[in-house]
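What follows is the content of data-v2.cif, which has mmCIF, C-alpha atoms:
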data_input
loop_
_atom_site.group_PDB
_atom_site.id
_atom_site.type_symbol
_atom_site.label_atom_id
_atom_site.label_comp_id
_atom_site.auth_asym_id
_atom_site.auth_seq_id
_atom_site.Cartn_x
_atom_site.Cartn_y
_atom_site.Cartn_z
ATOM 1 C CA MET A 7 124.329 45.212 79.748
ATOM 2 C CA ARG A 8 126.933 47.606 78.542
ATOM 3 C CA SER A 9 128.857 49.545 81.128
ATOM 4 C CA ARG A 10 128.250 53.278 81.502
ATOM 5 C CA ALA A 11 131.684 54.043 80.050
ATOM 6 C CA THR A 12 131.051 51.864 77.018
ATOM 7 C CA PHE A 13 127.665 53.414 76.465
ATOM 8 C CA TRP A 14 129.096 56.924 76.742
ATOM 9 C CA GLY A 15 131.831 56.010 74.258
ATOM 10 C CA PHE A 16 129.262 54.711 71.793
ATOM 11 C CA ARG A 17 127.182 57.880 72.105
ATOM 12 C CA ALA A 18 130.196 60.150 71.754
ATOM 13 C CA ALA A 19 131.390 58.271 68.691
ATOM 14 C CA ALA A 20 127.976 58.505 67.117
ATOM 15 C CA LEU A 21 127.939 62.210 67.844
ATOM 16 C CA LEU A 22 131.264 62.782 66.128
ATOM 17 C CA MET A 23 130.314 60.688 63.109
ATOM 18 C CA ALA A 24 127.060 62.556 62.684
ATOM 19 C CA GLY A 25 128.761 65.928 62.853
ATOM 20 C CA THR A 26 126.532 67.106 65.692
ATOM 21 C CA LEU A 27 129.091 68.898 67.847
ATOM 22 C CA ALA A 28 127.185 72.161 67.713
ATOM 23 C CA ALA A 29 123.566 71.414 68.501
ATOM 24 C CA GLY A 30 123.101 68.387 66.287
ATOM 25 C CA CYS A 31 120.789 67.746 63.379
ATOM 26 C CA SER A 32 119.727 64.243 64.375
ATOM 27 C CA ALA A 33 119.574 62.192 67.513
ATOM 28 C CA PRO A 34 122.483 59.784 68.033
ATOM 29 C CA GLY A 35 121.706 56.153 68.400
ATOM 30 C CA GLY A 36 118.406 54.372 67.841
ATOM 31 C CA GLY A 37 115.108 54.395 69.648
ATOM 32 C CA SER A 38 111.652 55.664 68.869
ATOM 33 C CA SER A 39 110.962 59.357 68.369
ATOM 34 C CA PRO A 40 108.923 61.626 70.641
ATOM 35 C CA ALA A 41 105.309 61.131 69.693
ATOM 36 C CA TRP A 42 102.427 63.411 68.864
ATOM 37 C CA THR A 43 98.697 63.174 69.309
ATOM 38 C CA ALA A 44 96.790 63.984 66.142
ATOM 39 C CA GLN A 45 94.997 67.310 66.211
ATOM 40 C CA PRO A 46 91.202 67.504 65.700
ATOM 41 C CA GLY A 47 90.254 66.586 62.173
ATOM 42 C CA THR A 48 93.320 64.418 61.495
ATOM 43 C CA SER A 49 93.929 60.702 61.586
ATOM 44 C CA SER A 50 95.976 59.164 64.379
ATOM 45 C CA GLY A 51 98.862 58.728 61.984
ATOM 46 C CA ALA A 52 99.047 62.360 60.947
ATOM 47 C CA ALA A 53 102.415 64.034 61.149
ATOM 48 C CA PRO A 54 102.757 66.881 63.646
ATOM 49 C CA GLY A 55 103.349 69.315 60.835
ATOM 50 C CA ASN A 56 99.744 68.827 59.683
ATOM 51 C CA PRO A 57 97.702 69.547 62.809
ATOM 52 C CA GLY A 58 94.355 70.038 61.128
ATOM 53 C CA THR A 59 92.175 73.069 60.711
ATOM 54 C CA GLN A 60 89.922 73.307 63.731
ATOM 55 C CA GLY A 61 90.560 76.387 65.865
ATOM 56 C CA SER A 62 91.531 76.548 69.518
ATOM 57 C CA THR A 63 91.218 79.302 72.064
ATOM 58 C CA GLY A 64 94.406 81.243 72.694
ATOM 59 C CA THR A 65 95.597 82.277 76.142
ATOM 60 C CA GLN A 66 94.586 85.845 75.356
ATOM 61 C CA GLY A 67 91.031 84.645 74.741
ATOM 62 C CA THR A 68 90.930 84.996 70.961
ATOM 63 C CA PRO A 69 90.433 82.082 68.554
ATOM 64 C CA SER A 70 93.583 80.932 66.767
ATOM 65 C CA ALA A 71 93.781 78.364 64.033
ATOM 66 C CA SER A 72 96.090 75.414 64.393
ATOM 67 C CA ARG A 73 99.216 75.883 62.337
ATOM 68 C CA PRO A 74 102.115 73.741 61.162
ATOM 69 C CA VAL A 75 104.968 73.136 63.548
ATOM 70 C CA ALA A 76 108.257 74.532 62.279
ATOM 71 C CA GLY A 77 110.808 71.902 61.390
ATOM 72 C CA SER A 78 108.268 69.079 61.332
ATOM 73 C CA GLY A 79 109.983 67.516 58.335
ATOM 74 C CA SER A 80 112.779 66.219 60.547
ATOM 75 C CA PRO A 81 112.794 62.467 61.276
ATOM 76 C CA THR A 82 112.697 63.216 65.035
ATOM 77 C CA ALA A 83 109.257 64.799 64.589
ATOM 78 C CA THR A 84 107.524 61.690 63.264
ATOM 79 C CA PRO A 85 104.565 60.274 65.212
ATOM 80 C CA GLY A 86 105.084 57.355 67.573
ATOM 81 C CA PRO A 87 103.147 55.225 70.069
ATOM 82 C CA ALA A 88 103.179 57.586 73.065
ATOM 83 C CA ALA A 89 100.447 60.175 73.567
ATOM 84 C CA THR A 90 100.675 63.916 74.088
ATOM 85 C CA ALA A 91 98.057 66.509 75.001
ATOM 86 C CA SER A 92 94.991 66.203 72.795
ATOM 87 C CA ALA A 93 93.939 69.861 73.009
ATOM 88 C CA TRP A 94 96.175 72.871 72.443
ATOM 89 C CA LYS A 95 95.884 76.651 72.679
ATOM 90 C CA THR A 96 98.041 79.553 71.522
ATOM 91 C CA PHE A 97 99.661 82.130 73.768
ATOM 92 C CA THR A 98 100.322 85.583 72.315
ATOM 93 C CA ASP A 99 101.803 88.407 74.369
ATOM 94 C CA PRO A 100 99.812 91.680 74.557
ATOM 95 C CA GLY A 101 102.231 93.360 72.138
ATOM 96 C CA ARG A 102 101.856 90.447 69.699
ATOM 97 C CA THR A 103 105.610 90.069 69.375
ATOM 98 C CA VAL A 104 105.754 86.344 70.194
ATOM 99 C CA SER A 105 103.408 83.387 70.140
ATOM 100 C CA PHE A 106 103.594 79.659 70.821
ATOM 101 C CA ASP A 107 101.270 76.700 71.307
ATOM 102 C CA LEU A 108 100.896 74.856 74.600
ATOM 103 C CA PRO A 109 98.624 72.127 75.983
ATOM 104 C CA GLU A 110 95.220 73.527 76.867
ATOM 105 C CA GLU A 111 95.588 72.650 80.554
ATOM 106 C CA TRP A 112 98.983 74.348 80.916
ATOM 107 C CA ILE A 113 99.354 77.947 82.055
ATOM 108 C CA ALA A 114 101.441 80.675 80.385
ATOM 109 C CA GLN A 115 102.030 83.783 82.488
ATOM 110 C CA SER A 116 104.017 86.961 81.853
ATOM 111 C CA VAL A 117 106.383 87.830 84.724
ATOM 112 C CA THR A 118 108.975 90.538 85.303
ATOM 113 C CA PRO A 119 112.163 89.950 83.259
ATOM 114 C CA GLU A 120 115.510 89.685 85.034
ATOM 115 C CA ASP A 121 117.645 92.781 85.526
ATOM 116 C CA GLY A 122 119.887 93.687 82.604
ATOM 117 C CA THR A 123 117.505 92.765 79.814
ATOM 118 C CA LEU A 124 116.859 95.155 76.943
ATOM 119 C CA PRO A 125 113.876 97.551 76.852
ATOM 120 C CA GLY A 126 110.732 95.707 75.834
ATOM 121 C CA ALA A 127 112.074 92.347 77.018
ATOM 122 C CA LEU A 128 109.602 89.595 77.888
ATOM 123 C CA LYS A 129 109.657 86.686 80.287
ATOM 124 C CA ILE A 130 106.835 84.170 79.995
ATOM 125 C CA GLU A 131 106.723 81.163 82.300
ATOM 126 C CA VAL A 132 104.902 77.981 81.327
ATOM 127 C CA LYS A 133 103.637 75.643 84.026
ATOM 128 C CA LYS A 134 101.428 72.597 84.277
ATOM 129 C CA GLN A 135 98.049 72.957 85.911
ATOM 130 C CA ASP A 136 99.554 71.657 89.188
ATOM 131 C CA GLY A 137 102.195 74.425 89.177
ATOM 132 C CA THR A 138 105.094 72.338 87.841
ATOM 133 C CA PHE A 139 107.467 74.617 85.913
ATOM 134 C CA MET A 140 108.039 73.460 82.338
ATOM 135 C CA ALA A 141 109.799 76.282 80.465
ATOM 136 C CA ALA A 142 110.388 80.010 80.214
ATOM 137 C CA LEU A 143 110.508 82.183 77.119
ATOM 138 C CA ARG A 144 112.877 85.119 77.561
ATOM 139 C CA THR A 145 113.499 87.853 75.006
ATOM 140 C CA GLY A 146 115.769 90.879 74.992
ATOM 141 C CA LEU A 147 118.689 89.042 76.566
ATOM 142 C CA PRO A 148 122.041 90.848 76.330
ATOM 143 C CA PRO A 149 124.737 88.902 74.444
ATOM 144 C CA SER A 150 127.115 87.010 76.695
ATOM 145 C CA GLU A 151 130.248 84.950 76.301
ATOM 146 C CA VAL A 152 131.311 81.967 78.386
ATOM 147 C CA LEU A 153 134.938 81.424 79.362
ATOM 148 C CA CYS A 154 135.677 77.727 79.051
ATOM 149 C CA PRO A 155 139.111 76.505 80.145
ATOM 150 C CA ASP A 156 140.055 72.995 79.101
ATOM 151 C CA SER A 157 139.924 71.892 82.730
ATOM 152 C CA GLY A 158 136.228 72.767 82.894
ATOM 153 C CA LYS A 159 135.115 70.903 79.776
ATOM 154 C CA LYS A 160 132.890 67.849 80.073
ATOM 155 C CA PRO A 161 131.567 65.422 77.434
ATOM 156 C CA TYR A 162 128.071 66.051 76.143
ATOM 157 C CA VAL A 163 125.635 64.241 73.861
ATOM 158 C CA VAL A 164 122.782 65.501 71.684
ATOM 159 C CA ILE A 165 119.874 63.099 72.182
ATOM 160 C CA SER A 166 117.304 64.997 70.113
ATOM 161 C CA SER A 167 117.683 67.842 67.623
ATOM 162 C CA VAL A 168 115.022 69.257 65.289
ATOM 163 C CA PRO A 169 115.418 72.360 63.078
ATOM 164 C CA VAL A 170 113.035 75.240 63.763
ATOM 165 C CA ALA A 171 112.237 78.267 61.622
ATOM 166 C CA LEU A 172 113.337 81.157 63.827
ATOM 167 C CA PRO A 173 115.238 84.391 63.197
ATOM 168 C CA GLY A 174 118.794 84.694 64.426
ATOM 169 C CA LEU A 175 122.315 85.762 63.669
ATOM 170 C CA THR A 176 124.433 83.710 61.306
ATOM 171 C CA GLY A 177 128.176 83.415 61.080
ATOM 172 C CA GLU A 178 131.039 82.033 63.117
ATOM 173 C CA GLY A 179 129.962 80.202 66.237
ATOM 174 C CA THR A 180 126.350 79.784 65.132
ATOM 175 C CA ILE A 181 124.240 77.167 63.391
ATOM 176 C CA ALA A 182 120.665 77.110 62.103
ATOM 177 C CA PRO A 183 118.246 77.224 65.080
ATOM 178 C CA HIS A 184 117.275 73.849 66.531
ATOM 179 C CA ALA A 185 115.073 72.543 69.323
ATOM 180 C CA VAL A 186 117.373 70.217 71.240
ATOM 181 C CA TYR A 187 117.692 67.882 74.183
ATOM 182 C CA ARG A 188 121.274 67.577 75.348
ATOM 183 C CA VAL A 189 123.016 65.783 78.181
ATOM 184 C CA ILE A 190 126.308 66.786 79.785
ATOM 185 C CA GLN A 191 128.356 64.477 82.000
ATOM 186 C CA GLY A 192 129.153 65.451 85.589
ATOM 187 C CA TYR A 193 128.844 63.432 88.772
ATOM 188 C CA ARG A 194 125.550 62.429 87.105
ATOM 189 C CA TYR A 195 124.154 62.951 83.612
ATOM 190 C CA PHE A 196 122.358 66.297 83.409
ATOM 191 C CA GLY A 197 119.785 66.942 80.680
ATOM 192 C CA SER A 198 118.016 70.026 79.368
ATOM 193 C CA TYR A 199 115.757 71.086 76.497
ATOM 194 C CA GLY A 200 115.547 74.369 74.654
ATOM 195 C CA ILE A 201 116.177 76.203 71.403
ATOM 196 C CA THR A 202 119.629 77.295 70.283
ATOM 197 C CA ASN A 203 121.728 78.474 67.358
ATOM 198 C CA ILE A 204 124.982 78.515 69.331
ATOM 199 C CA VAL A 205 127.737 75.979 68.709
ATOM 200 C CA GLY A 206 127.901 73.662 71.703
ATOM 201 C CA GLY A 207 131.606 72.930 71.905
ATOM 202 C CA ALA A 208 134.472 71.403 69.985
ATOM 203 C CA ASP A 209 135.232 67.679 70.155
ATOM 204 C CA GLY A 210 131.953 66.906 71.909
ATOM 205 C CA GLN A 211 132.971 68.733 75.086
ATOM 206 C CA ALA A 212 131.764 71.959 76.687
ATOM 207 C CA CYS A 213 131.671 73.861 79.955
ATOM 208 C CA GLU A 214 127.997 74.614 79.466
ATOM 209 C CA LEU A 215 125.367 74.280 76.767
ATOM 210 C CA ARG A 216 123.295 77.404 76.162
ATOM 211 C CA ASN A 217 119.610 77.217 75.261
ATOM 212 C CA VAL A 218 119.849 80.609 73.573
ATOM 213 C CA VAL A 219 119.335 81.930 70.047
ATOM 214 C CA ARG A 220 121.544 84.828 69.071
ATOM 215 C CA GLY A 221 119.025 87.419 67.935
ATOM 216 C CA THR A 222 119.248 89.827 65.053
ATOM 217 C CA ALA A 223 120.954 93.188 65.519
ATOM 218 C CA GLY A 224 119.309 95.424 68.092
ATOM 219 C CA LYS A 225 116.790 92.790 69.223
ATOM 220 C CA GLY A 226 118.889 90.931 71.781
ATOM 221 C CA ASP A 227 119.096 87.177 72.249
ATOM 222 C CA TYR A 228 116.177 84.976 73.247
ATOM 223 C CA SER A 229 115.741 81.691 75.065
ATOM 224 C CA PHE A 230 112.956 79.121 75.356
ATOM 225 C CA GLY A 231 113.593 76.081 77.511
ATOM 226 C CA ASP A 232 113.861 74.762 81.050
ATOM 227 C CA VAL A 233 117.163 76.537 81.793
ATOM 228 C CA ILE A 234 119.174 79.131 79.888
ATOM 229 C CA ALA A 235 122.391 77.155 80.307
ATOM 230 C CA LEU A 236 123.025 73.490 81.109
ATOM 231 C CA LYS A 237 126.214 72.689 82.997
ATOM 232 C CA PRO A 238 127.707 69.792 84.971
ATOM 233 C CA PHE A 239 126.234 70.753 88.334
ATOM 234 C CA ALA A 240 128.129 70.315 91.591
ATOM 235 C CA PRO A 241 126.624 67.995 94.225
ATOM 236 C CA ASP A 242 125.554 70.959 96.374
ATOM 237 C CA GLU A 243 123.864 72.848 93.497
ATOM 238 C CA LYS A 244 120.177 72.818 92.634
ATOM 239 C CA VAL A 245 119.632 70.938 89.385
ATOM 240 C CA ALA A 246 115.921 71.567 88.757
ATOM 241 C CA PRO A 247 114.334 72.480 86.432
ATOM 242 C CA ALA A 248 117.064 70.664 84.473
ATOM 243 C CA LYS A 249 117.027 66.918 85.049
ATOM 244 C CA ALA A 250 119.558 64.473 86.460
ATOM 245 C CA PHE A 251 119.901 60.866 85.287
ATOM 246 C CA ASP A 252 121.969 57.927 86.514
ATOM 247 C CA THR A 253 122.584 56.703 82.958
ATOM 248 C CA LEU A 254 122.279 57.948 79.403
ATOM 249 C CA ASP A 255 119.731 55.217 78.805
ATOM 250 C CA GLN A 256 117.454 56.952 81.317
ATOM 251 C CA ALA A 257 117.881 60.272 79.508
ATOM 252 C CA ALA A 258 117.133 58.675 76.131
ATOM 253 C CA LYS A 259 114.029 57.009 77.571
ATOM 254 C CA TYR A 260 112.789 60.366 78.863
ATOM 255 C CA VAL A 261 113.154 61.834 75.368
ATOM 256 C CA ASN A 262 111.929 58.887 73.332
ATOM 257 C CA GLU A 263 109.064 57.722 75.546
ATOM 258 C CA GLY A 264 108.107 60.625 77.793
ATOM 259 C CA THR A 265 104.859 62.467 77.093
ATOM 260 C CA ASP A 266 106.151 65.525 78.956
ATOM 261 C CA PHE A 267 109.052 65.881 76.536
ATOM 262 C CA ALA A 268 106.830 65.316 73.509
ATOM 263 C CA ASN A 269 104.550 68.112 74.699
ATOM 264 C CA VAL A 270 107.455 70.443 75.427
ATOM 265 C CA GLN A 271 109.152 69.739 72.109
ATOM 266 C CA ARG A 272 106.000 70.575 70.204
ATOM 267 C CA MET A 273 105.654 73.790 72.225
ATOM 268 C CA LEU A 274 109.252 74.826 71.517
ATOM 269 C CA MET A 275 108.873 74.102 67.825
ATOM 270 C CA SER A 276 105.709 76.219 67.572
ATOM 271 C CA LEU A 277 107.449 79.420 68.715
ATOM 272 C CA GLU A 278 107.069 82.406 66.401
ATOM 273 C CA ILE A 279 109.006 85.647 66.829
ATOM 274 C CA LYS A 280 106.863 88.261 65.155
ATOM 275 C CA ASN A 281 108.929 91.395 65.710
#
As a first step, turn the structure in this file into structure tokens.
Amino acid sequence: MRSRATFWGFRAAALLMAGTLAAGCSAPGGGSSPAWTAQPGTSSGAAPGNPGTQGSTGTQGTPSASRPVAGSGSPTATPGPAATASAWKTFTDPGRTVSFDLPEEWIAQSVTPEDGTLPGALKIEVKKQDGTFMAALRTGLPPSEVLCPDSGKKPYVVISSVPVALPGLTGEGTIAPHAVYRVIQGYRYFGSYGITNIVGGADGQACELRNVVRGTAGKGDYSFGDVIALKPFAPDEKVAPAKAFDTLDQAAKYVNEGTDFANVQRMLMSLEIKN
């Protein structure tokens, strides 16, 4: 078995060769892709971008037709052997400014946004039926910058990256929006999923990795993921809802074989910003 250092070196080299220093456009290394359960009316081999035509009941109680998942043409969105939720519903906020799909048994609930957000900001928490937190959608976030001295930089790897059709600023320091799973090295390997259009860091190193999309002028930024920012946590800091792994192999297995991640990735990719 390869040592941890050798494995990290291989992943970092693959990252540099693939040009994925920002958020990445493909997952480094091999392994199977997160899998998808076919929607009603499709065959088991159907791609997630073709979920069928039968309707589902949205969280607001109104029927909503299944719709294609943004970015489903990426290789990381191809079906695989693992299963995900077989029934899905659509959450739409009362103002109909955002919507996303989630497994039928999961719960989406609007809560009070954090202080400092822009007028009209939303915070929507998604949990499993047993109360396990899975993600939060936040809108109206004020722009922020992160100071990152060289002494604070740590290596990171993009394990999964799929383009999503979302609005956002373009220009220096940004990329096209992606749904990503990234791991940063600290005293353990810390992993997080979310959407972003922010460059991660030069030379495969960063102080933190932000699951944030820079929004268009006057709208604020928005975030959809387990944490807003992934960092190399200290031993006395709470890691959850981000995840900690002993090896990168464990992180890759969570992404490539885990049904939780497959469900979350589909949910992230279904996000629509309507206003």
> Separation of CA of Pro125 (chain A) and CA of Pro148 (chain A), in Å?
Replying inline: 10.6 Å
>> When the PyMOL selection byres ((chain A and resi 97-101) around 9) is applied to the structure above, which residues does it catch, written out as a VMD selection string?
In response: chain A and resid 64 to 66 95 to 96 102 to 108 114 116 128 130
> In Å to one decimal, how far is CA of Arg194 (chain A) from CA of Phe230 (chain A)?
Replying inline: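 Rounded to one decimal, the two atoms are 24.0 Å apart.
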> Restricting the calculation to all atoms listed in the file, which member of A:Tyr193, A:Trp112, A:Phe139, A:Tyr228 is positioned closest to Leu124 (chain A)?
Replying inline: A:Tyr228
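Once the PyMOL selection byres ((chain A and resi 177) around 12) is applied to the shown structure, the selection contains Gly174, Leu175, Thr176, Glu178, Gly179, Thr180, Ile181, Ala182, Asn203, Ile204, Val205, Arg220 and Thr222 of chain A.
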>> Using all atoms listed in the file, can you tell me which of A:Lys280, A:Lys225, A:Lys249, A:Lys133 comes closest to Ala171 (chain A)?
In response: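 Of A:Lys280, A:Lys225, A:Lys249, A:Lys133, the one nearest Ala171 (chain A) is A:Lys280, counting all atoms listed in the file.
Using all atoms listed in the file for every distance, the candidate list A:His184, A:Glu111, A:Tyr195, A:Val261 yields A:Tyr195 as the residue closest to Ala240 (chain A).
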When the PyMOL selection byres ((chain A and resi 134) around 12) is applied to the file above, which residues end up in the set, as an mmCIF file with C-alpha atoms, in the coordinates of the input?
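Saved file expr08.cif follows:
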data_model
loop_
_atom_site.group_PDB
_atom_site.id
_atom_site.type_symbol
_atom_site.label_atom_id
_atom_site.label_comp_id
_atom_site.auth_asym_id
_atom_site.auth_seq_id
_atom_site.Cartn_x
_atom_site.Cartn_y
_atom_site.Cartn_z
ATOM 1 C CA ALA A 91 98.057 66.509 75.001
ATOM 2 C CA LEU A 108 100.896 74.856 74.600
ATOM 3 C CA PRO A 109 98.624 72.127 75.983
ATOM 4 C CA GLU A 110 95.220 73.527 76.867
ATOM 5 C CA GLU A 111 95.588 72.650 80.554
ATOM 6 C CA TRP A 112 98.983 74.348 80.916
ATOM 7 C CA ILE A 113 99.354 77.947 82.055
ATOM 8 C CA ALA A 114 101.441 80.675 80.385
ATOM 9 C CA GLN A 115 102.030 83.783 82.488
ATOM 10 C CA GLU A 131 106.723 81.163 82.300
ATOM 11 C CA VAL A 132 104.902 77.981 81.327
ATOM 12 C CA LYS A 133 103.637 75.643 84.026
ATOM 13 C CA GLN A 135 98.049 72.957 85.911
ATOM 14 C CA ASP A 136 99.554 71.657 89.188
ATOM 15 C CA GLY A 137 102.195 74.425 89.177
ATOM 16 C CA THR A 138 105.094 72.338 87.841
ATOM 17 C CA PHE A 139 107.467 74.617 85.913
ATOM 18 C CA MET A 140 108.039 73.460 82.338
ATOM 19 C CA ALA A 141 109.799 76.282 80.465
ATOM 20 C CA ASP A 266 106.151 65.525 78.956
ATOM 21 C CA ASN A 269 104.550 68.112 74.699
ATOM 22 C CA VAL A 270 107.455 70.443 75.427
#
> What is the CA of Cys154 (chain A)-CA of Gly207 (chain A) distance in Å, reported with one decimal?
Replying inline: 9.5 Å
>> Ranking A:Ser92, A:Pro247, A:Leu147, A:Gly224 by minimum distance to Pro119 (chain A) and counting all atoms listed in the file, which one comes first?
In response: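 Of A:Ser92, A:Pro247, A:Leu147, A:Gly224, the one nearest Pro119 (chain A), counting all atoms listed in the file, is A:Leu147.
Distance check against Leu172 (chain A) using all atoms listed in the file: of A:Ala268, A:Cys213, A:Ala257, A:Val219, the minimum falls on A:Val219.
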Using only the atoms of region 114-117 of chain A listed in the file, plus 8 Å on each side, state the axis-aligned box centre and edge lengths in Å rounded to one decimal, as AutoDock Vina command-line options.
--center_x 103.9 --center_y 84.3 --center_z 82.6 --size_x 20.9 --size_y 23.2 --size_z 20.3
> Skipping near chain neighbours, those fewer than 4 positions away, what residues fall within 10 Å of Ile190 (chain A) using all atoms listed in the file, listed as a VMD selection string?
Replying inline: chain A and resid 159 to 164 194 to 198 210 to 215 236 to 239 250 254
Grab the residues selected above and save them as a PDB file, in the frame of the given file with C-alpha atoms.
ATOM      1  CA  LYS A 159     135.115  70.903  79.776  1.00  0.00           C
ATOM      2  CA  LYS A 160     132.890  67.849  80.073  1.00  0.00           C
ATOM      3  CA  PRO A 161     131.567  65.422  77.434  1.00  0.00           C
ATOM      4  CA  TYR A 162     128.071  66.051  76.143  1.00  0.00           C
ATOM      5  CA  VAL A 163     125.635  64.241  73.861  1.00  0.00           C
ATOM      6  CA  VAL A 164     122.782  65.501  71.684  1.00  0.00           C
ATOM      7  CA  ARG A 194     125.550  62.429  87.105  1.00  0.00           C
ATOM      8  CA  TYR A 195     124.154  62.951  83.612  1.00  0.00           C
ATOM      9  CA  PHE A 196     122.358  66.297  83.409  1.00  0.00           C
ATOM     10  CA  GLY A 197     119.785  66.942  80.680  1.00  0.00           C
ATOM     11  CA  SER A 198     118.016  70.026  79.368  1.00  0.00           C
ATOM     12  CA  GLY A 210     131.953  66.906  71.909  1.00  0.00           C
ATOM     13  CA  GLN A 211     132.971  68.733  75.086  1.00  0.00           C
ATOM     14  CA  ALA A 212     131.764  71.959  76.687  1.00  0.00           C
ATOM     15  CA  CYS A 213     131.671  73.861  79.955  1.00  0.00           C
ATOM     16  CA  GLU A 214     127.997  74.614  79.466  1.00  0.00           C
ATOM     17  CA  LEU A 215     125.367  74.280  76.767  1.00  0.00           C
ATOM     18  CA  LEU A 236     123.025  73.490  81.109  1.00  0.00           C
ATOM     19  CA  LYS A 237     126.214  72.689  82.997  1.00  0.00           C
ATOM     20  CA  PRO A 238     127.707  69.792  84.971  1.00  0.00           C
ATOM     21  CA  PHE A 239     126.234  70.753  88.334  1.00  0.00           C
ATOM     22  CA  ALA A 250     119.558  64.473  86.460  1.00  0.00           C
ATOM     23  CA  LEU A 254     122.279  57.948  79.403  1.00  0.00           C
TER      24      LEU A 254
END
